[in-house]
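For reference, entry-v3.pdb is printed below; it contains PDB, C-alpha atoms.
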ATOM      1  CA  MET A   1      44.928 -91.886 183.470
ATOM      2  CA  SER A   2      47.098 -95.030 183.791
ATOM      3  CA  SER A   3      48.327 -96.959 180.779
ATOM      4  CA  PRO A   4      45.950 -99.975 181.218
ATOM      5  CA  ASP A   5      43.021 -97.571 181.550
ATOM      6  CA  LYS A   6      43.995 -95.984 178.249
ATOM      7  CA  ILE A   7      44.177 -99.412 176.611
ATOM      8  CA  VAL A   8      40.775-100.349 178.055
ATOM      9  CA  GLU A   9      39.290 -97.108 176.801
ATOM     10  CA  LYS A  10      40.781 -97.685 173.347
ATOM     11  CA  ILE A  11      39.483-101.276 173.211
ATOM     12  CA  LEU A  12      35.967-100.216 174.200
ATOM     13  CA  SER A  13      35.814 -97.233 171.906
ATOM     14  CA  ASP A  14      37.049 -99.341 168.975
ATOM     15  CA  ALA A  15      34.436-101.972 169.794
ATOM     16  CA  LYS A  16      31.668 -99.381 169.942
ATOM     17  CA  ARG A  17      32.780 -97.902 166.624
ATOM     18  CA  GLU A  18      32.837-101.344 165.047
ATOM     19  CA  ALA A  19      29.417-102.141 166.506
ATOM     20  CA  GLU A  20      27.992 -98.925 165.080
ATOM     21  CA  ARG A  21      29.515 -99.758 161.694
ATOM     22  CA  ILE A  22      27.960-103.251 161.716
ATOM     23  CA  VAL A  23      24.506-101.957 162.640
ATOM     24  CA  SER A  24      24.737 -99.048 160.246
ATOM     25  CA  GLU A  25      25.720-101.308 157.348
ATOM     26  CA  ALA A  26      22.908-103.681 158.227
ATOM     27  CA  ARG A  27      20.418-100.827 158.219
ATOM     28  CA  ALA A  28      21.652 -99.550 154.866
ATOM     29  CA  LYS A  29      21.454-103.028 153.378
ATOM     30  CA  ALA A  30      17.991-103.530 154.836
ATOM     31  CA  GLN A  31      16.857-100.251 153.307
ATOM     32  CA  GLU A  32      18.138-101.408 149.928
ATOM     33  CA  VAL A  33      16.271-104.705 150.274
ATOM     34  CA  ILE A  34      13.048-102.889 151.199
ATOM     35  CA  GLU A  35      13.423-100.372 148.378
ATOM     36  CA  GLU A  36      14.032-103.170 145.898
ATOM     37  CA  ALA A  37      10.947-105.033 147.108
ATOM     38  CA  LYS A  38       8.869-101.878 146.809
ATOM     39  CA  LYS A  39      10.221-101.216 143.332
ATOM     40  CA  LYS A  40       9.413-104.729 142.150
ATOM     41  CA  ALA A  41       5.948-104.524 143.652
ATOM     42  CA  LYS A  42       5.347-101.182 142.013
ATOM     43  CA  GLU A  43       6.426-102.546 138.647
ATOM     44  CA  ALA A  44       4.139-105.559 139.047
ATOM     45  CA  VAL A  45       1.192-103.339 140.016
ATOM     46  CA  GLU A  46       1.853-100.936 137.164
ATOM     47  CA  ALA A  47       2.065-103.740 134.602
ATOM     48  CA  GLU A  48      -1.248-105.120 135.807
ATOM     49  CA  ILE A  49      -2.965-101.752 136.057
ATOM     50  CA  SER A  50      -1.728-100.525 132.721
ATOM     51  CA  LYS A  51      -3.637-103.325 130.936
ATOM     52  CA  TYR A  52      -6.648-102.934 133.193
ATOM     53  CA  ARG A  53      -6.847 -99.173 132.708
ATOM     54  CA  ALA A  54      -6.441 -99.509 128.925
ATOM     55  CA  ALA A  55      -9.336-102.001 128.837
ATOM     56  CA  ARG A  56     -11.566 -99.761 130.971
ATOM     57  CA  GLU A  57     -10.725 -96.734 128.870
ATOM     58  CA  GLU A  58     -11.552 -98.664 125.721
ATOM     59  CA  GLU A  59     -14.928 -99.658 127.215
ATOM     60  CA  ALA A  60     -15.594 -96.062 128.219
ATOM     61  CA  LYS A  61     -14.726 -94.776 124.746
ATOM     62  CA  ARG A  62     -17.083 -97.330 123.205
ATOM     63  CA  ALA A  63     -19.850 -96.283 125.587
ATOM     64  CA  LEU A  64     -19.207 -92.648 124.735
ATOM     65  CA  MET A  65     -19.278 -93.354 121.023
ATOM     66  CA  GLU A  66     -22.562 -95.249 121.404
ATOM     67  CA  ALA A  67     -24.002 -92.332 123.350
ATOM     68  CA  ARG A  68     -22.921 -89.934 120.603
ATOM     69  CA  VAL A  69     -24.468 -92.137 117.915
ATOM     70  CA  LYS A  70     -27.707 -92.365 119.927
ATOM     71  CA  ALA A  71     -27.712 -88.602 120.407
ATOM     72  CA  LYS A  72     -27.275 -88.110 116.680
ATOM     73  CA  GLU A  73     -30.119 -90.570 116.037
ATOM     74  CA  ARG A  74     -32.362 -88.704 118.480
ATOM     75  CA  TRP A  75     -31.512 -85.437 116.756
ATOM     76  CA  LEU A  76     -32.234 -86.889 113.320
ATOM     77  CA  LYS A  77     -35.517 -88.411 114.532
ATOM     78  CA  GLU A  78     -36.606 -85.109 116.043
ATOM     79  CA  ARG A  79     -35.717 -83.381 112.771
ATOM     80  CA  GLU A  80     -37.642 -85.948 110.732
ATOM     81  CA  ASP A  81     -40.624 -85.705 113.106
ATOM     82  CA  LEU A  82     -40.732 -81.934 112.659
ATOM     83  CA  ILE A  83     -40.547 -82.307 108.876
ATOM     84  CA  THR A  84     -43.337 -84.898 109.034
ATOM     85  CA  GLN A  85     -45.336 -82.444 111.133
ATOM     86  CA  ALA A  86     -44.998 -79.871 108.355
ATOM     87  CA  VAL A  87     -46.105 -82.391 105.712
ATOM     88  CA  GLU A  88     -49.074 -83.434 107.873
ATOM     89  CA  LYS A  89     -50.049 -79.796 108.271
ATOM     90  CA  VAL A  90     -49.977 -79.488 104.472
ATOM     91  CA  LYS A  91     -52.415 -82.387 104.258
ATOM     92  CA  GLU A  92     -54.650 -80.700 106.833
ATOM     93  CA  ARG A  93     -54.487 -77.480 104.853
ATOM     94  CA  LEU A  94     -55.281 -79.339 101.628
ATOM     95  CA  ALA A  95     -58.415 -80.743 103.231
ATOM     96  CA  LYS A  96     -59.534 -77.142 103.818
ATOM     97  CA  VAL A  97     -58.305 -75.902 100.450
ATOM     98  CA  VAL A  98     -60.543 -78.333  98.548
ATOM     99  CA  GLU A  99     -63.539 -76.831 100.355
ATOM    100  CA  SER A 100     -62.611 -73.253  99.401
ATOM    101  CA  PRO A 101     -63.993 -71.337  96.359
ATOM    102  CA  ASP A 102     -60.450 -70.858  94.977
ATOM    103  CA  TYR A 103     -60.070 -74.609  94.632
ATOM    104  CA  VAL A 104     -62.017 -74.668  91.340
ATOM    105  CA  LYS A 105     -59.192 -72.740  89.685
ATOM    106  CA  SER A 106     -56.582 -75.046  91.229
ATOM    107  CA  LEU A 107     -58.471 -78.114  90.035
ATOM    108  CA  GLU A 108     -58.632 -76.725  86.507
ATOM    109  CA  GLN A 109     -54.874 -76.165  86.661
ATOM    110  CA  LEU A 110     -54.356 -79.739  87.842
ATOM    111  CA  ILE A 111     -56.448 -81.048  84.947
ATOM    112  CA  GLU A 112     -54.577 -78.769  82.531
ATOM    113  CA  GLU A 113     -51.193 -79.931  83.795
ATOM    114  CA  ALA A 114     -52.198 -83.600  83.437
ATOM    115  CA  ALA A 115     -53.764 -83.112  80.014
ATOM    116  CA  ALA A 116     -50.708 -81.248  78.727
ATOM    117  CA  SER A 117     -48.439 -83.973  80.100
ATOM    118  CA  ILE A 118     -50.398 -86.590  78.148
ATOM    119  CA  GLY A 119     -50.042 -84.374  75.070
ATOM    120  CA  GLY A 120     -53.655 -83.300  74.667
ATOM    121  CA  GLY A 121     -56.188 -85.065  72.392
ATOM    122  CA  ASP A 122     -59.495 -86.705  73.280
ATOM    123  CA  LEU A 123     -59.377 -86.893  77.046
ATOM    124  CA  LEU A 124     -61.517 -87.976  79.984
ATOM    125  CA  VAL A 125     -61.250 -86.569  83.503
ATOM    126  CA  GLN A 126     -62.021 -88.610  86.570
ATOM    127  CA  LEU A 127     -62.869 -86.702  89.757
ATOM    128  CA  ASN A 128     -64.214 -87.510  93.185
ATOM    129  CA  GLU A 129     -67.921 -87.091  93.844
ATOM    130  CA  ARG A 130     -67.643 -83.620  95.387
ATOM    131  CA  ASP A 131     -65.344 -82.181  92.690
ATOM    132  CA  SER A 132     -67.510 -83.570  89.910
ATOM    133  CA  LYS A 133     -70.214 -81.121  90.990
ATOM    134  CA  LEU A 134     -67.933 -78.068  90.734
ATOM    135  CA  PRO A 135     -68.515 -75.580  87.886
ATOM    136  CA  LEU A 136     -65.359 -76.465  85.922
ATOM    137  CA  ASP A 137     -64.521 -74.735  82.644
ATOM    138  CA  LEU A 138     -63.210 -77.839  80.857
ATOM    139  CA  GLU A 139     -63.511 -76.158  77.462
ATOM    140  CA  GLY A 140     -61.255 -73.336  78.657
ATOM    141  CA  VAL A 141     -58.814 -75.921  79.995
ATOM    142  CA  ALA A 142     -58.872 -77.746  76.629
ATOM    143  CA  ARG A 143     -58.110 -74.480  74.808
ATOM    144  CA  ARG A 144     -55.083 -73.820  77.002
ATOM    145  CA  VAL A 145     -53.855 -77.393  76.517
ATOM    146  CA  LYS A 146     -54.126 -76.977  72.750
ATOM    147  CA  GLU A 147     -52.086 -73.751  73.036
ATOM    148  CA  LYS A 148     -49.419 -75.617  74.937
ATOM    149  CA  THR A 149     -49.333 -78.826  72.924
ATOM    150  CA  GLY A 150     -50.554 -77.724  69.486
ATOM    151  CA  VAL A 151     -52.950 -80.691  69.531
ATOM    152  CA  ASP A 152     -56.714 -80.310  69.238
ATOM    153  CA  THR A 153     -57.968 -81.163  72.672
ATOM    154  CA  LYS A 154     -61.343 -82.166  74.010
ATOM    155  CA  ILE A 155     -61.839 -82.819  77.690
ATOM    156  CA  GLU A 156     -64.926 -84.492  79.139
ATOM    157  CA  LEU A 157     -65.844 -85.453  82.663
ATOM    158  CA  SER A 158     -65.891 -89.218  83.067
ATOM    159  CA  ASP A 159     -68.879 -90.921  84.690
ATOM    160  CA  LYS A 160     -66.477 -92.878  86.826
ATOM    161  CA  ARG A 161     -65.800 -91.378  90.268
ATOM    162  CA  ILE A 162     -62.549 -91.825  92.119
ATOM    163  CA  SER A 163     -61.775 -91.847  95.805
ATOM    164  CA  CYS A 164     -59.342 -89.067  96.647
ATOM    165  CA  MET A 165     -59.015 -85.838  98.575
ATOM    166  CA  GLY A 166     -58.980 -83.807  95.390
ATOM    167  CA  GLY A 167     -57.274 -83.375  92.044
ATOM    168  CA  ALA A 168     -57.925 -85.409  88.916
ATOM    169  CA  VAL A 169     -56.984 -88.467  86.914
ATOM    170  CA  VAL A 170     -56.792 -87.534  83.234
ATOM    171  CA  MET A 171     -56.646 -90.202  80.539
ATOM    172  CA  SER A 172     -56.873 -90.524  76.810
ATOM    173  CA  ARG A 173     -60.281 -91.833  75.793
ATOM    174  CA  ASP A 174     -58.788 -95.108  74.588
ATOM    175  CA  GLY A 175     -57.077 -95.492  77.957
ATOM    176  CA  SER A 176     -53.592 -95.682  76.497
ATOM    177  CA  PHE A 177     -52.342 -92.668  78.509
ATOM    178  CA  ILE A 178     -53.200 -91.952  82.095
ATOM    179  CA  TYR A 179     -51.937 -89.130  84.296
ATOM    180  CA  ASP A 180     -52.760 -89.346  87.964
ATOM    181  CA  ASN A 181     -52.812 -85.785  89.264
ATOM    182  CA  THR A 182     -54.813 -86.403  92.434
ATOM    183  CA  LEU A 183     -53.551 -84.539  95.486
ATOM    184  CA  GLU A 184     -52.515 -87.830  97.052
ATOM    185  CA  SER A 185     -50.405 -88.714  94.006
ATOM    186  CA  ARG A 186     -48.863 -85.271  93.935
ATOM    187  CA  LEU A 187     -48.033 -85.551  97.618
ATOM    188  CA  ALA A 188     -46.449 -88.948  97.042
ATOM    189  CA  ARG A 189     -44.514 -87.849  93.936
ATOM    190  CA  ARG A 190     -43.176 -84.756  95.638
ATOM    191  CA  GLU A 191     -42.616 -86.134  99.077
ATOM    192  CA  ASN A 192     -38.820 -86.071  98.852
ATOM    193  CA  GLU A 193     -38.817 -82.579  97.412
ATOM    194  CA  MET A 194     -41.291 -81.478 100.084
ATOM    195  CA  ARG A 195     -39.189 -82.901 102.872
ATOM    196  CA  LEU A 196     -36.077 -81.192 101.539
ATOM    197  CA  THR A 197     -37.900 -77.903 101.182
ATOM    198  CA  ALA A 198     -39.406 -78.242 104.640
ATOM    199  CA  ALA A 199     -35.967 -78.939 106.134
ATOM    200  CA  LYS A 200     -34.456 -75.886 104.434
ATOM    201  CA  ILE A 201     -37.176 -73.577 105.685
ATOM    202  CA  LEU A 202     -37.760 -75.038 109.138
ATOM    203  CA  PHE A 203     -34.122 -75.175 110.159
ATOM    204  CA  ALA A 204     -32.808 -72.135 108.334
TER     205      ALA A 204
ATOM    206  CA  MET B   1      53.287-106.451 190.664
ATOM    207  CA  THR B   2      49.699-106.064 191.889
ATOM    208  CA  GLY B   3      49.303-103.060 189.625
ATOM    209  CA  LEU B   4      50.414-105.057 186.601
ATOM    210  CA  VAL B   5      48.051-107.890 187.334
ATOM    211  CA  GLU B   6      45.227-105.443 187.900
ATOM    212  CA  GLY B   7      46.073-103.763 184.551
ATOM    213  CA  VAL B   8      46.063-107.053 182.649
ATOM    214  CA  ARG B   9      42.734-107.969 184.268
ATOM    215  CA  LYS B  10      41.198-104.688 183.211
ATOM    216  CA  VAL B  11      42.446-105.158 179.670
ATOM    217  CA  LEU B  12      41.086-108.710 179.520
ATOM    218  CA  GLU B  13      37.728-107.534 180.857
ATOM    219  CA  ALA B  14      37.700-104.748 178.310
ATOM    220  CA  GLU B  15      38.366-107.204 175.521
ATOM    221  CA  GLU B  16      35.572-109.372 176.814
ATOM    222  CA  GLU B  17      33.281-106.345 176.897
ATOM    223  CA  ALA B  18      34.384-105.403 173.374
ATOM    224  CA  ARG B  19      33.519-108.896 172.097
ATOM    225  CA  ARG B  20      30.170-108.640 173.813
ATOM    226  CA  ILE B  21      29.481-105.242 172.234
ATOM    227  CA  ILE B  22      30.371-106.556 168.793
ATOM    228  CA  GLU B  23      28.349-109.727 169.247
ATOM    229  CA  GLU B  24      25.415-107.604 170.332
ATOM    230  CA  ALA B  25      25.844-105.442 167.211
ATOM    231  CA  LYS B  26      25.973-108.539 165.003
ATOM    232  CA  ARG B  27      22.776-109.845 166.549
ATOM    233  CA  GLU B  28      21.138-106.468 165.988
ATOM    234  CA  ALA B  29      22.383-106.512 162.370
ATOM    235  CA  GLU B  30      20.984-110.003 161.912
ATOM    236  CA  ARG B  31      17.650-108.882 163.344
ATOM    237  CA  ILE B  32      17.548-105.898 160.966
ATOM    238  CA  LYS B  33      18.401-108.169 158.030
ATOM    239  CA  ARG B  34      15.653-110.651 158.909
ATOM    240  CA  GLU B  35      13.174-107.815 159.310
ATOM    241  CA  ALA B  36      14.078-106.440 155.884
ATOM    242  CA  GLU B  37      13.810-109.849 154.269
ATOM    243  CA  ALA B  38      10.427-110.298 155.863
ATOM    244  CA  PHE B  39       9.229-107.088 154.284
ATOM    245  CA  LYS B  40       6.643-107.946 151.634
ATOM    246  CA  VAL B  41       4.385-105.702 149.602
ATOM    247  CA  ASP B  42       0.866-107.073 149.271
ATOM    248  CA  VAL B  43       0.806-106.827 145.479
ATOM    249  CA  ALA B  44      -2.674-108.287 145.135
ATOM    250  CA  LYS B  45      -4.067-105.688 147.509
ATOM    251  CA  GLU B  46      -2.147-102.903 145.767
ATOM    252  CA  VAL B  47      -3.493-104.113 142.413
ATOM    253  CA  GLU B  48      -7.061-104.189 143.723
ATOM    254  CA  GLU B  49      -6.761-100.703 145.129
ATOM    255  CA  ALA B  50      -5.184 -99.406 141.928
ATOM    256  CA  LYS B  51      -7.914-101.065 139.849
ATOM    257  CA  LYS B  52     -10.580 -99.477 141.998
ATOM    258  CA  LYS B  53      -8.917 -96.092 141.606
ATOM    259  CA  ALA B  54      -8.536 -96.524 137.836
ATOM    260  CA  SER B  55     -12.182 -97.586 137.508
ATOM    261  CA  GLU B  56     -13.355 -94.586 139.487
ATOM    262  CA  GLU B  57     -11.276 -92.223 137.386
ATOM    263  CA  VAL B  58     -12.481 -93.699 134.075
ATOM    264  CA  GLU B  59     -16.104 -93.711 135.276
ATOM    265  CA  ALA B  60     -15.861 -90.096 136.382
ATOM    266  CA  TRP B  61     -14.419 -89.153 132.994
ATOM    267  CA  LEU B  62     -17.161 -91.062 131.169
ATOM    268  CA  LYS B  63     -19.881 -89.524 133.325
ATOM    269  CA  GLU B  64     -18.589 -86.070 132.514
ATOM    270  CA  GLN B  65     -18.398 -86.837 128.794
ATOM    271  CA  LEU B  66     -21.916 -88.314 128.727
ATOM    272  CA  LYS B  67     -23.216 -85.262 130.521
ATOM    273  CA  ALA B  68     -21.613 -83.083 127.844
ATOM    274  CA  VAL B  69     -23.134 -85.212 125.055
ATOM    275  CA  GLU B  70     -26.578 -84.922 126.681
ATOM    276  CA  ALA B  71     -26.239 -81.167 127.145
ATOM    277  CA  ASP B  72     -25.101 -80.758 123.545
ATOM    278  CA  LEU B  73     -28.041 -82.828 122.323
ATOM    279  CA  GLU B  74     -30.550 -80.845 124.372
ATOM    280  CA  ALA B  75     -29.145 -77.602 122.980
ATOM    281  CA  LYS B  76     -29.378 -78.911 119.413
ATOM    282  CA  LEU B  77     -32.929 -80.216 119.936
ATOM    283  CA  ALA B  78     -33.972 -76.883 121.406
ATOM    284  CA  LYS B  79     -32.517 -75.134 118.363
ATOM    285  CA  LEU B  80     -34.402 -77.492 116.011
ATOM    286  CA  ARG B  81     -37.686 -76.974 117.852
ATOM    287  CA  GLU B  82     -37.205 -73.244 118.015
ATOM    288  CA  GLY B  83     -36.504 -73.077 114.268
ATOM    289  CA  ALA B  84     -39.479 -75.306 113.473
ATOM    290  CA  SER B  85     -41.794 -73.299 115.701
ATOM    291  CA  ARG B  86     -40.682 -70.031 114.088
ATOM    292  CA  ASN B  87     -40.794 -71.256 110.487
ATOM    293  CA  MET B  88     -43.562 -73.871 110.433
ATOM    294  CA  GLU B  89     -46.232 -71.672 108.870
ATOM    295  CA  ARG B  90     -43.900 -70.419 106.132
ATOM    296  CA  ALA B  91     -42.811 -74.018 105.416
ATOM    297  CA  VAL B  92     -46.428 -75.155 105.093
ATOM    298  CA  GLU B  93     -47.161 -72.310 102.666
ATOM    299  CA  GLU B  94     -44.148 -73.247 100.540
ATOM    300  CA  LEU B  95     -45.038 -76.934 100.572
ATOM    301  CA  LEU B  96     -48.584 -76.150  99.494
ATOM    302  CA  LYS B  97     -47.143 -74.438  96.440
ATOM    303  CA  LEU B  98     -45.367 -77.665  95.549
ATOM    304  CA  VAL B  99     -48.539 -79.731  95.791
ATOM    305  CA  LEU B 100     -51.153 -77.359  94.503
ATOM    306  CA  PRO B 101     -50.894 -75.090  91.457
ATOM    307  CA  GLY B 102     -51.131 -71.546  92.808
ATOM    308  CA  GLY B 103     -50.300 -72.744  96.304
ATOM    309  CA  GLY B 104     -53.924 -73.040  97.433
TER     310      GLY B 104
END
Take the structure from the file and write it as structure tokens.
Amino acid sequence: MSSPDKIVEKILSDAKREAERIVSEARAKAQEVIEEAKKKAKEAVEAEISKYRAAREEEAKRALMEARVKAKERWLKEREDLITQAVEKVKERLAKVVESPDYVKSLEQLIEEAAASIGGGDLLVQLNERDSKLPLDLEGVARRVKEKTGVDTKIELSDKRISCMGGAVVMSRDGSFIYDNTLESRLARRENEMRLTAAKILFA
Amino acid sequence: MTGLVEGVRKVLEAEEEARRIIEEAKREAERIKREAEAFKVDVAKEVEEAKKKASEEVEAWLKEQLKAVEADLEAKLAKLREGASRNMERAVEELLKLVLPGGG
């Protein structure tokens, strides 16, 4: 190879090397620019999404909490309904009990309980029409009340009839003391206790 | 003499070619630079897509949680009903004792 050919070859190879360097640098720089743009975009998206996601998650948590509260309410309602069912069944049973022969004894006990609560003495008993026809041993009841209270006790059936399922209203003759021991009153007085008892037994 | 002239001509042509190669490279570099500068990320579109994805994920999570709450409730209700069905008669007997002396 002649000397000028060598120079030509050197000039061209240097130029090609320089050209490659220029293009290569440009590509590297371009890559940096693109990466930077992507990074900035990613940061912008993440900043936006972070707030958005937090808001959606908060909404979802609220919805979940509401659903849990509603579920608890449904559970409580079901529980209360079942307890009410038990109390209603007691009422149904009471309606049968007052028709049974054993009821006379129960009624005497109800009168006795009321009379003793008043403290004995000269007492009148008010009953419903059906119960007033039952063969009640009011003298026996009076004796037991005297034993309990130590007070001479006389119990008479009042002419006045009351409207109730069963049980009795006992009062002192002068009307100063009254004890309502009708089944309805007993149910009402003991409703809370009944519901508690029902809950304990039903869901044991 | 002719050889020398021919040599100088070749060298001059080579230099011209070298300048052309470098100019070409510079133009290519400029094109690459402009292309890079023109690169833009559609942030609004990315945000919309990310929002959609986030919504779907949160909704899927919520759906799963609600399903669990419902299943838990059904299990608890079934337990209540089962207990009530098994113990109702005994409860009624006990309640009667509270209302009626001797329990009827």
Original post:
Would you list which chain A residues are within 7 Å of chain B using only C-alpha atoms, as an MDAnalysis selection string?
Top reply: chainID A and resid 4 7:8 11:12 15:16 18:19 22:23 26:27 30 33:34 37:38 41 45 49 53 56:57 60 64 68 71 75 79 82 86 89:90 97 103 106 109:110 183 186:187 194 198 201:203
Mind writing the picked residues with C-alpha atoms as a compact mmCIF listing (two decimals), in the frame of the given file?
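Final output, saved to again01.txt:
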# COMPACT_ATOMS: atom_id res chain seq x y z
CA PRO A 4 45.95 -99.98 181.22
CA ILE A 7 44.18 -99.41 176.61
CA VAL A 8 40.78 -100.35 178.06
CA ILE A 11 39.48 -101.28 173.21
CA LEU A 12 35.97 -100.22 174.20
CA ALA A 15 34.44 -101.97 169.79
CA LYS A 16 31.67 -99.38 169.94
CA GLU A 18 32.84 -101.34 165.05
CA ALA A 19 29.42 -102.14 166.51
CA ILE A 22 27.96 -103.25 161.72
CA VAL A 23 24.51 -101.96 162.64
CA ALA A 26 22.91 -103.68 158.23
CA ARG A 27 20.42 -100.83 158.22
CA ALA A 30 17.99 -103.53 154.84
CA VAL A 33 16.27 -104.70 150.27
CA ILE A 34 13.05 -102.89 151.20
CA ALA A 37 10.95 -105.03 147.11
CA LYS A 38 8.87 -101.88 146.81
CA ALA A 41 5.95 -104.52 143.65
CA VAL A 45 1.19 -103.34 140.02
CA ILE A 49 -2.96 -101.75 136.06
CA ARG A 53 -6.85 -99.17 132.71
CA ARG A 56 -11.57 -99.76 130.97
CA GLU A 57 -10.72 -96.73 128.87
CA ALA A 60 -15.59 -96.06 128.22
CA LEU A 64 -19.21 -92.65 124.74
CA ARG A 68 -22.92 -89.93 120.60
CA ALA A 71 -27.71 -88.60 120.41
CA TRP A 75 -31.51 -85.44 116.76
CA ARG A 79 -35.72 -83.38 112.77
CA LEU A 82 -40.73 -81.93 112.66
CA ALA A 86 -45.00 -79.87 108.36
CA LYS A 89 -50.05 -79.80 108.27
CA VAL A 90 -49.98 -79.49 104.47
CA VAL A 97 -58.30 -75.90 100.45
CA TYR A 103 -60.07 -74.61 94.63
CA SER A 106 -56.58 -75.05 91.23
CA GLN A 109 -54.87 -76.17 86.66
CA LEU A 110 -54.36 -79.74 87.84
CA LEU A 183 -53.55 -84.54 95.49
CA ARG A 186 -48.86 -85.27 93.94
CA LEU A 187 -48.03 -85.55 97.62
CA MET A 194 -41.29 -81.48 100.08
CA ALA A 198 -39.41 -78.24 104.64
CA ILE A 201 -37.18 -73.58 105.68
CA LEU A 202 -37.76 -75.04 109.14
CA PHE A 203 -34.12 -75.18 110.16
Subject >> Between atom CA of Thr182 of chain A and atom CA of Lys200 of chain A, distance in Å (one decimal) >> reply: 25.9 Å
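If you look at atom CA of Gln85 of chain A and atom CA of Asn128 of chain A, they are 26.5 Å away from each other.
Across the model, the gap from atom CA of Asp180 of chain A to atom CA of Asp159 of chain A is 16.5 Å.
Using the PyMOL selection byres ((chain A and resi 165) around 8) on the file at hand returns these residues: A:Ala95, A:Val98, A:Asn128, A:Ser163, A:Cys164, A:Gly166, A:Gly167, A:Thr182, A:Leu183, A:Glu184.
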Subject >> Contact residues around segment 116-120 of chain A with all atoms listed in the file at 10 Å, ignoring same-chain residues under 3 positions, as a list in words >> reply: Leu110, Ile111, Glu112, Glu113, Leu123, Val141, Ala142, Arg143, Arg144, Val145, Lys146, Glu147, Lys148, Thr149, Gly150, Val151, Asp152, Thr153, Lys154, Ile155, Val170, Met171, Ser172, Ser176, Phe177, Ile178 and Tyr179 of chain A
Taking (-65.5, -85.5, 92.6) as a centre in this file's frame and 12 Å as the limit, can you find every polymer residue with an atom that close, using all atoms listed in the file, and give them as a CSV table (one decimal) with C-alpha atoms, keeping the file's coordinate frame?
chain,number,residue,atom,x,y,z
A,98,VAL,CA,-60.5,-78.3,98.5
A,99,GLU,CA,-63.5,-76.8,100.4
A,104,VAL,CA,-62.0,-74.7,91.3
A,107,LEU,CA,-58.5,-78.1,90.0
A,125,VAL,CA,-61.2,-86.6,83.5
A,126,GLN,CA,-62.0,-88.6,86.6
A,127,LEU,CA,-62.9,-86.7,89.8
A,128,ASN,CA,-64.2,-87.5,93.2
A,129,GLU,CA,-67.9,-87.1,93.8
A,130,ARG,CA,-67.6,-83.6,95.4
A,131,ASP,CA,-65.3,-82.2,92.7
A,132,SER,CA,-67.5,-83.6,89.9
A,133,LYS,CA,-70.2,-81.1,91.0
A,134,LEU,CA,-67.9,-78.1,90.7
A,135,PRO,CA,-68.5,-75.6,87.9
A,136,LEU,CA,-65.4,-76.5,85.9
A,157,LEU,CA,-65.8,-85.5,82.7
A,158,SER,CA,-65.9,-89.2,83.1
A,159,ASP,CA,-68.9,-90.9,84.7
A,160,LYS,CA,-66.5,-92.9,86.8
A,161,ARG,CA,-65.8,-91.4,90.3
A,162,ILE,CA,-62.5,-91.8,92.1
A,163,SER,CA,-61.8,-91.8,95.8
A,164,CYS,CA,-59.3,-89.1,96.6
A,165,MET,CA,-59.0,-85.8,98.6
A,166,GLY,CA,-59.0,-83.8,95.4
A,167,GLY,CA,-57.3,-83.4,92.0
A,168,ALA,CA,-57.9,-85.4,88.9
A,169,VAL,CA,-57.0,-88.5,86.9
A,182,THR,CA,-54.8,-86.4,92.4
Can you put N, CA and C atoms back into segment 50-60 of chain B and show it as a PDB file, in the coordinates of the input?
ATOM      1  N   ALA B  50      -5.479-100.186 143.139  1.00  0.00           N
ATOM      2  CA  ALA B  50      -5.184 -99.406 141.928  1.00  0.00           C
ATOM      3  C   ALA B  50      -6.278 -99.583 140.879  1.00  0.00           C
ATOM      4  N   LYS B  51      -6.817-100.807 140.796  1.00  0.00           N
ATOM      5  CA  LYS B  51      -7.914-101.065 139.849  1.00  0.00           C
ATOM      6  C   LYS B  51      -9.144-100.235 140.221  1.00  0.00           C
ATOM      7  N   LYS B  52      -9.423-100.234 141.517  1.00  0.00           N
ATOM      8  CA  LYS B  52     -10.580 -99.477 141.998  1.00  0.00           C
ATOM      9  C   LYS B  52     -10.418 -97.996 141.650  1.00  0.00           C
ATOM     10  N   LYS B  53      -9.193 -97.509 141.868  1.00  0.00           N
ATOM     11  CA  LYS B  53      -8.917 -96.092 141.606  1.00  0.00           C
ATOM     12  C   LYS B  53      -9.054 -95.807 140.099  1.00  0.00           C
ATOM     13  N   ALA B  54      -8.476 -96.709 139.296  1.00  0.00           N
ATOM     14  CA  ALA B  54      -8.536 -96.524 137.836  1.00  0.00           C
ATOM     15  C   ALA B  54      -9.987 -96.537 137.360  1.00  0.00           C
ATOM     16  N   SER B  55     -10.765 -97.493 137.898  1.00  0.00           N
ATOM     17  CA  SER B  55     -12.182 -97.586 137.508  1.00  0.00           C
ATOM     18  C   SER B  55     -12.915 -96.297 137.851  1.00  0.00           C
ATOM     19  N   GLU B  56     -12.671 -95.809 139.056  1.00  0.00           N
ATOM     20  CA  GLU B  56     -13.355 -94.586 139.487  1.00  0.00           C
ATOM     21  C   GLU B  56     -12.995 -93.409 138.592  1.00  0.00           C
ATOM     22  N   GLU B  57     -11.716 -93.338 138.239  1.00  0.00           N
ATOM     23  CA  GLU B  57     -11.276 -92.223 137.386  1.00  0.00           C
ATOM     24  C   GLU B  57     -11.926 -92.304 136.002  1.00  0.00           C
ATOM     25  N   VAL B  58     -11.907 -93.525 135.419  1.00  0.00           N
ATOM     26  CA  VAL B  58     -12.481 -93.699 134.075  1.00  0.00           C
ATOM     27  C   VAL B  58     -13.991 -93.435 134.111  1.00  0.00           C
ATOM     28  N   GLU B  59     -14.656 -93.928 135.167  1.00  0.00           N
ATOM     29  CA  GLU B  59     -16.104 -93.711 135.276  1.00  0.00           C
ATOM     30  C   GLU B  59     -16.438 -92.227 135.420  1.00  0.00           C
ATOM     31  N   ALA B  60     -15.629 -91.540 136.200  1.00  0.00           N
ATOM     32  CA  ALA B  60     -15.861 -90.096 136.382  1.00  0.00           C
ATOM     33  C   ALA B  60     -15.685 -89.364 135.054  1.00  0.00           C
TER      34      ALA B  60
END
